[in-house]
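To start, the structure itself, in structure tokens.
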Amino acid sequence: MTIGICIALVVMLIITNENMTTFNRDINETLNRINMIIAIAIPLSLCIKLIFEKRKTNINIQVLVYAIGVVALILYYYFLLKDFNMVSITRYIGVTIFLYLSFIYIPWIGTKKNYEYYVIKVLGSFFITLIYSAVLYIGLSAILFTIDKLFNANIPGKLFYYIFLIVAGVFAPSYFLAKIPYNNHEFNDSDYPKALKVLLLYIVIPLLIVYTTILYVYFAKIIITKNWPIGLVSHLVLWYSVITVGVLFFISPLLDKNRIAKIFNIWFPKIIIPIIIMMFLSIGIRIKAYGITENRYFVLALGIWVLGIMIYFSFSKSKNIIIPISLSIIVLSSVVGPLSSYTISKYSQNKRLEKILLNNNMISEERKIKTNSNITQGEKTEISMILKYFKDNHSLDSVKYIPEDFSVNDMEKVFGFAYTTNIRTEESNYFYFDSFDKAQTLDISEYGYLVRINSYLNKATIDESTVVTYDNDNKTLKIKDNDKVIYSKNLEDYILAIYKKHNNIQANGNKSVDIKDTIYVDENENIKVKLMFYHISGNINLSTGGFDTIDVEFIVLINTK
């Protein structure tokens with residue numbers, strides 16, 4: 001079943017690539033969503049298969065469970081993967097990780113020993129499969145390349161991509177799954193790889209000890225100077241702690257045979273706990289200042305899991321299968337349910353907004369916002385950044401107190417001040433518009449010349465005397481006749497008008513627009529021009545309202561008088 005799904009995914013990816021330029025954006029997006037559903041069906045089918053291997057069931061029950069799985073995937077497609085925004089993508093990643101973690105521990109639930117050997121065997125099979133697949137792909141690619149160069153076969157480049165898909169999507173899973181041991185497989189000490197033993201005991205553990213010493217010295221400096229840790233510390237401690245959990249897991253079979261492994265297992269979980277607590281203090285400072293967002297939630301959730309595992313290791317000698325089971329629960333609850341990162345983050349940011357509004361008496365008895373232009377610039381920025389968070393990641397409909405159909409263009413009317421931000425990392429917002437998938441016919445009969453211009457191909461000669469140029473630095477279009485400027489226009493205001501017109505139609509700042517909505521017509525005593533923009537991209541400065549960077553592609557229709 002799983003291999004069949006892998007083959008279906010490969011076929012769909014080839015179909016998608018073959019028709020990428022033929023289909024419009026909506027169809028391509030639909031195909032990509034279907035491909036994502038097929039991809040997540042791979043670990044789902046594996047989990048179902050492993051459950052059936054562990055507990056024998058009749059064929060009717062198996063068919064029913066697979067049918068339920070298909071229905072679940074269809075519902076996921078229609079309700080949880082409606083588009084490609086932050087929520088749907090992170091949820092998809094979370095559910096995928098949960099299923100692959102489940103694949104790791106399902107066969108060993110209820111088994112009391114040798115789970116570490118099983119995981120080592122699975123990971124070893126994975127890396128061997130990776131090496132074999134890489135060699136196979138490189139070899140096949142070398143054969144195609146040689147045929148193409150020696151015999152002028154004109155082999156298309158996309159064939160190399162298709163070979164990669166077949167190797168990665170058919171050969172690799174087939175070989176890997178064939179190497180997975182059954183849950184009743186008997187392991188012994190000889191199954192523990194000597195190379196892994198040397199790597200962990202004599203390379204990784206000494207490195208972790210040195211790293212821990214550095215962190216303790218740094219935290220001693222913090223205590224002495226009373227200068228609290230910066231945000232980077234959270235990530236440095238977090239990933240170091242996760243690696244430590246992995247090391248403690250993999251050295252478990254060596255505890256009775258190796259003194260280094262035993263000492264490390266006894267003392268390191270206790271030594272690392274103060275470092276994790278300092279990490280929480282660092283995270284807490286950021287959360288107190290800016291509230292919880294999805295990224296901070298994920299860091300916090302993973303930190304809580306690591307702390308729990310270290311406490312567990314400090315006082316328990318039970319099975320290590322608790323590690324992947326607990327991690328899978330944390331991952332799933334982070335993206336699904338009432339305690340998900342999305343629910344908690346929206347609640348946190350709304351409470352942050354409410355606090356600012358209450359401090360400035362900006363909430364009426366009817367629980368609506370009252371305008372107040374006299375609040376501090378910092379509070380104006382905070383409110384703007386909260387609204388930007390909802391606009392970029394969720395929807396402005398999720399913001400409390402604001403009226404229906406609110407947009408950031410209504411800030412001055414609703415709040416009493418304009419949408420603003422002076423935080424360096426947030427002050428520039430990327431956007432683009434294009435009309436590539438809006439094929440249509442336009443009347444150009446009254447114009448004598450058509451010139452294509454972009455930020456790089458910015459000069460065109462119509463005849464011996466007439467030259468069209470576009471200066472991207474100052475956004476100016478010029479037409480010269482015998483070195484005399486017969487037309488000059490700064491296009492920045494018009495481009496900005498297009499941005500303002502379309503930026504709030506859809507989320508994410510990435511939009512397909514009708515080219516008729518980008519047409520600009522102008523004339524003087526010498527010439528008449530029509531501009532049609534089919535691509536505009538750049539960074540808008542949210543503080544000044546102007547462009548930090550801008551790239552355009554447009555057509556100039558010219559008629560001389």
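Here, A, B, ... name the chains of the structure tokens in the order displayed, residue numbers run from 1 inside each chain, and ligands are numbered from 1 in the same displayed order.
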Quiz prompt | Contacts of Glu53 in chain A at 9 Å (only C-alpha atoms; same-chain gap of 4+ positions) as a list in words | solution =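 Residues near the query, excluding close chain neighbours: Ile48, Lys49, Thr57, Pro107, Tyr182 and Asn183 of chain A.
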Would you output that residue set with all heavy atoms, as a compact mmCIF listing (two decimals), in the first residue's frame?
# COMPACT_ATOMS: atom_id res chain seq x y z
N ILE A 48 -0.86 2.55 9.83
CA ILE A 48 -1.97 1.58 9.79
C ILE A 48 -1.42 0.17 9.58
O ILE A 48 -1.85 -0.78 10.25
CB ILE A 48 -2.97 1.97 8.68
CG1 ILE A 48 -3.65 3.30 9.02
CG2 ILE A 48 -4.02 0.87 8.51
CD1 ILE A 48 -4.53 3.84 7.92
N LYS A 49 -0.48 0.02 8.66
CA LYS A 49 0.10 -1.28 8.37
C LYS A 49 0.79 -1.86 9.61
O LYS A 49 0.65 -3.06 9.92
CB LYS A 49 1.10 -1.15 7.22
CG LYS A 49 1.90 -2.42 6.90
CD LYS A 49 1.00 -3.54 6.44
CE LYS A 49 1.83 -4.75 6.02
NZ LYS A 49 0.98 -5.91 5.69
N THR A 57 -5.88 -8.68 12.50
CA THR A 57 -7.29 -8.38 12.31
C THR A 57 -7.74 -8.95 10.98
O THR A 57 -6.93 -9.16 10.07
CB THR A 57 -7.53 -6.86 12.32
OG1 THR A 57 -6.65 -6.23 11.38
CG2 THR A 57 -7.28 -6.26 13.70
N PRO A 107 5.40 -0.21 16.47
CA PRO A 107 5.70 -1.64 16.59
C PRO A 107 6.18 -2.06 17.98
O PRO A 107 6.10 -3.24 18.32
CB PRO A 107 6.81 -1.86 15.55
CG PRO A 107 6.72 -0.71 14.63
CD PRO A 107 6.25 0.43 15.45
N TYR A 182 10.70 -6.77 11.94
CA TYR A 182 9.41 -6.99 12.59
C TYR A 182 9.54 -6.76 14.09
O TYR A 182 10.63 -6.82 14.67
CB TYR A 182 8.91 -8.41 12.31
CG TYR A 182 8.43 -8.61 10.89
CD1 TYR A 182 9.27 -9.14 9.92
CD2 TYR A 182 7.14 -8.24 10.55
CE1 TYR A 182 8.82 -9.31 8.61
CE2 TYR A 182 6.67 -8.43 9.25
CZ TYR A 182 7.52 -8.96 8.29
OH TYR A 182 7.08 -9.12 7.00
N ASN A 183 8.38 -6.52 14.75
CA ASN A 183 8.44 -6.18 16.17
C ASN A 183 8.82 -7.37 17.05
O ASN A 183 9.10 -7.19 18.23
CB ASN A 183 7.10 -5.59 16.63
CG ASN A 183 5.95 -6.58 16.44
OD1 ASN A 183 6.09 -7.57 15.74
ND2 ASN A 183 4.80 -6.27 17.04
At a cut-off of 8 Å, using only C-alpha atoms, what residues contact Asp481 in chain A? Leave out same-chain residues fewer than 6 positions from it and give the result as a PDB file with N, CA and C atoms, in the first residue's frame.
ATOM      1  N   SER A 465      16.172  57.336 -34.362  1.00  0.00           N
ATOM      2  CA  SER A 465      16.172  58.576 -33.578  1.00  0.00           C
ATOM      3  C   SER A 465      15.460  58.452 -32.231  1.00  0.00           C
ATOM      4  N   THR A 466      14.556  57.499 -32.084  1.00  0.00           N
ATOM      5  CA  THR A 466      13.707  57.425 -30.884  1.00  0.00           C
ATOM      6  C   THR A 466      14.186  56.317 -29.948  1.00  0.00           C
ATOM      7  N   VAL A 467      14.411  56.684 -28.685  1.00  0.00           N
ATOM      8  CA  VAL A 467      14.908  55.741 -27.686  1.00  0.00           C
ATOM      9  C   VAL A 467      14.036  55.834 -26.430  1.00  0.00           C
TER      10      VAL A 467
END
Practice problem: Measuring atom to atom with only C-alpha atoms, identify which of A:Ala72, A:Ile369, A:Ala153, A:Ile386 is nearest to Asn350 in chain A. | Solution: A:Ile386
Quiz item: So which bits of range 83-133 of chain A end up alpha helix (DSSP H) when you DSSP the backbone, as a ChimeraX atom specification?
Solution: /A:86-105,115-133
For Leu238 in chain A, find every residue with an atom within 12 Å (counting only C-alpha atoms), except residues of its own chain fewer than 3 positions away, and show them as a PDB file with N, CA and C atoms, in the first residue's frame.
ATOM      1  N   LEU A 215      28.394  27.150  28.517  1.00  0.00           N
ATOM      2  CA  LEU A 215      27.092  27.711  28.891  1.00  0.00           C
ATOM      3  C   LEU A 215      27.073  28.090  30.368  1.00  0.00           C
ATOM      4  N   GLY A 231      17.983  36.663  22.887  1.00  0.00           N
ATOM      5  CA  GLY A 231      17.103  35.661  22.311  1.00  0.00           C
ATOM      6  C   GLY A 231      17.819  34.476  21.701  1.00  0.00           C
ATOM      7  N   LEU A 232      19.030  34.699  21.160  1.00  0.00           N
ATOM      8  CA  LEU A 232      19.769  33.611  20.517  1.00  0.00           C
ATOM      9  C   LEU A 232      20.073  32.485  21.495  1.00  0.00           C
ATOM     10  N   VAL A 233      20.247  32.822  22.775  1.00  0.00           N
ATOM     11  CA  VAL A 233      20.586  31.813  23.772  1.00  0.00           C
ATOM     12  C   VAL A 233      19.525  30.713  23.817  1.00  0.00           C
ATOM     13  N   SER A 234      18.264  31.083  23.669  1.00  0.00           N
ATOM     14  CA  SER A 234      17.186  30.093  23.730  1.00  0.00           C
ATOM     15  C   SER A 234      17.403  28.998  22.697  1.00  0.00           C
ATOM     16  N   HIS A 235      17.726  29.386  21.479  1.00  0.00           N
ATOM     17  CA  HIS A 235      17.914  28.407  20.415  1.00  0.00           C
ATOM     18  C   HIS A 235      19.189  27.593  20.629  1.00  0.00           C
ATOM     19  N   SER A 241      20.111  20.800  23.944  1.00  0.00           N
ATOM     20  CA  SER A 241      19.369  19.921  24.840  1.00  0.00           C
ATOM     21  C   SER A 241      18.723  18.773  24.076  1.00  0.00           C
ATOM     22  N   VAL A 242      18.193  19.072  22.884  1.00  0.00           N
ATOM     23  CA  VAL A 242      17.576  18.027  22.062  1.00  0.00           C
ATOM     24  C   VAL A 242      18.628  16.983  21.673  1.00  0.00           C
ATOM     25  N   ILE A 243      19.814  17.439  21.282  1.00  0.00           N
ATOM     26  CA  ILE A 243      20.902  16.512  20.943  1.00  0.00           C
ATOM     27  C   ILE A 243      21.273  15.659  22.156  1.00  0.00           C
ATOM     28  N   THR A 244      21.267  16.274  23.329  1.00  0.00           N
ATOM     29  CA  THR A 244      21.570  15.531  24.544  1.00  0.00           C
ATOM     30  C   THR A 244      20.547  14.433  24.805  1.00  0.00           C
ATOM     31  N   VAL A 245      19.280  14.730  24.565  1.00  0.00           N
ATOM     32  CA  VAL A 245      18.240  13.702  24.706  1.00  0.00           C
ATOM     33  C   VAL A 245      18.534  12.531  23.775  1.00  0.00           C
ATOM     34  N   ILE A 272      22.037  19.536  33.290  1.00  0.00           N
ATOM     35  CA  ILE A 272      21.486  20.354  32.213  1.00  0.00           C
ATOM     36  C   ILE A 272      20.216  21.103  32.620  1.00  0.00           C
ATOM     37  N   ILE A 273      19.559  20.673  33.701  1.00  0.00           N
ATOM     38  CA  ILE A 273      18.290  21.294  34.106  1.00  0.00           C
ATOM     39  C   ILE A 273      18.451  22.784  34.421  1.00  0.00           C
ATOM     40  N   ILE A 275      20.490  24.887  33.148  1.00  0.00           N
ATOM     41  CA  ILE A 275      20.678  25.568  31.863  1.00  0.00           C
ATOM     42  C   ILE A 275      19.328  25.741  31.153  1.00  0.00           C
ATOM     43  N   ILE A 276      18.495  24.712  31.208  1.00  0.00           N
ATOM     44  CA  ILE A 276      17.171  24.793  30.577  1.00  0.00           C
ATOM     45  C   ILE A 276      16.315  25.847  31.277  1.00  0.00           C
ATOM     46  N   ILE A 277      16.432  25.936  32.610  1.00  0.00           N
ATOM     47  CA  ILE A 277      15.674  26.954  33.348  1.00  0.00           C
ATOM     48  C   ILE A 277      16.102  28.355  32.915  1.00  0.00           C
ATOM     49  N   MET A 278      17.409  28.570  32.714  1.00  0.00           N
ATOM     50  CA  MET A 278      17.884  29.866  32.219  1.00  0.00           C
ATOM     51  C   MET A 278      17.339  30.144  30.823  1.00  0.00           C
ATOM     52  N   MET A 279      17.215  29.091  30.030  1.00  0.00           N
ATOM     53  CA  MET A 279      16.623  29.255  28.701  1.00  0.00           C
ATOM     54  C   MET A 279      15.186  29.756  28.813  1.00  0.00           C
ATOM     55  N   PHE A 280      14.428  29.197  29.774  1.00  0.00           N
ATOM     56  CA  PHE A 280      13.044  29.644  29.963  1.00  0.00           C
ATOM     57  C   PHE A 280      12.989  31.103  30.406  1.00  0.00           C
ATOM     58  N   SER A 282      15.093  33.392  29.474  1.00  0.00           N
ATOM     59  CA  SER A 282      15.335  34.146  28.252  1.00  0.00           C
ATOM     60  C   SER A 282      14.075  34.219  27.391  1.00  0.00           C
ATOM     61  N   ILE A 283      13.383  33.074  27.230  1.00  0.00           N
ATOM     62  CA  ILE A 283      12.142  33.059  26.458  1.00  0.00           C
ATOM     63  C   ILE A 283      11.092  33.937  27.135  1.00  0.00           C
ATOM     64  N   PHE A 298       6.441  27.230  19.687  1.00  0.00           N
ATOM     65  CA  PHE A 298       7.156  25.998  19.341  1.00  0.00           C
ATOM     66  C   PHE A 298       8.426  25.844  20.173  1.00  0.00           C
ATOM     67  N   VAL A 299       9.160  26.952  20.350  1.00  0.00           N
ATOM     68  CA  VAL A 299      10.372  26.911  21.173  1.00  0.00           C
ATOM     69  C   VAL A 299      10.019  26.559  22.615  1.00  0.00           C
ATOM     70  N   LEU A 300       8.968  27.189  23.126  1.00  0.00           N
ATOM     71  CA  LEU A 300       8.543  26.937  24.503  1.00  0.00           C
ATOM     72  C   LEU A 300       8.084  25.493  24.678  1.00  0.00           C
ATOM     73  N   ALA A 301       7.274  24.983  23.744  1.00  0.00           N
ATOM     74  CA  ALA A 301       6.768  23.611  23.842  1.00  0.00           C
ATOM     75  C   ALA A 301       7.906  22.590  23.792  1.00  0.00           C
ATOM     76  N   LEU A 302       8.858  22.809  22.868  1.00  0.00           N
ATOM     77  CA  LEU A 302       9.989  21.891  22.779  1.00  0.00           C
ATOM     78  C   LEU A 302      10.852  21.964  24.036  1.00  0.00           C
ATOM     79  N   GLY A 303      10.989  23.180  24.594  1.00  0.00           N
ATOM     80  CA  GLY A 303      11.747  23.336  25.829  1.00  0.00           C
ATOM     81  C   GLY A 303      11.089  22.608  26.993  1.00  0.00           C
ATOM     82  N   ILE A 304       9.761  22.704  27.087  1.00  0.00           N
ATOM     83  CA  ILE A 304       9.037  21.995  28.155  1.00  0.00           C
ATOM     84  C   ILE A 304       9.215  20.488  28.002  1.00  0.00           C
ATOM     85  N   TRP A 305       9.164  20.014  26.750  1.00  0.00           N
ATOM     86  CA  TRP A 305       9.360  18.577  26.516  1.00  0.00           C
ATOM     87  C   TRP A 305      10.766  18.140  26.944  1.00  0.00           C
ATOM     88  N   VAL A 306      11.773  18.910  26.559  1.00  0.00           N
ATOM     89  CA  VAL A 306      13.156  18.564  26.933  1.00  0.00           C
ATOM     90  C   VAL A 306      13.301  18.547  28.451  1.00  0.00           C
ATOM     91  N   LEU A 307      12.759  19.562  29.142  1.00  0.00           N
ATOM     92  CA  LEU A 307      12.844  19.609  30.601  1.00  0.00           C
ATOM     93  C   LEU A 307      12.169  18.387  31.225  1.00  0.00           C
TER      94      LEU A 307
END
Self-check item: Contacts of Asn458 in chain A within 12 Å, only C-alpha atoms, excl. fewer than 3 positions in-chain, as a VMD selection string
Solution: chain A and resid 451 to 455 461 467 to 473 475 to 479 551 to 556
Exercise. Counting only C-alpha atoms, figure out which residue out of A:Ile42, A:Phe187, A:Ile271, A:Ser326 gets nearest to Ile209 in chain A.
Key: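 Nearest candidate to Ile209 in chain A out of A:Ile42, A:Phe187, A:Ile271, A:Ser326: A:Ile271.
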Exercise. Figure out the distance between CA of Met310 in chain A and CA of Ile266 in chain A, please, to one decimal in Å.
Key: 10.6 Å
Practice problem: Give me the residues within 6 Å of Phe415 in chain A as a count of residues only, counting only C-alpha atoms and dropping any in the same chain fewer than 3 places off. | Solution: 3
Quiz prompt | Residues near Ser334 in chain A, cut-off 10 Å, only C-alpha atoms, skip fewer than 6 positions along chain, as a list in words | solution =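 My list of contacting residues is Thr90, Arg91, Gly94, Val95, Glu294, Tyr297, Phe298, Ala301, Leu302, Ser328, Ser340, Ser341, Tyr342, Thr343 and Ile344 of chain A.
With only C-alpha atoms as the atoms that count, the residue of A:Tyr77, A:Tyr216, A:Tyr312, A:Tyr347 with the shortest distance to Val399 in chain A is A:Tyr347.
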Quiz item: Using only C-alpha atoms, which residue out of A:Leu332, A:Lys516, A:Ile27, A:Met1 lies closest to Asp443 in chain A?
Solution: A:Lys516
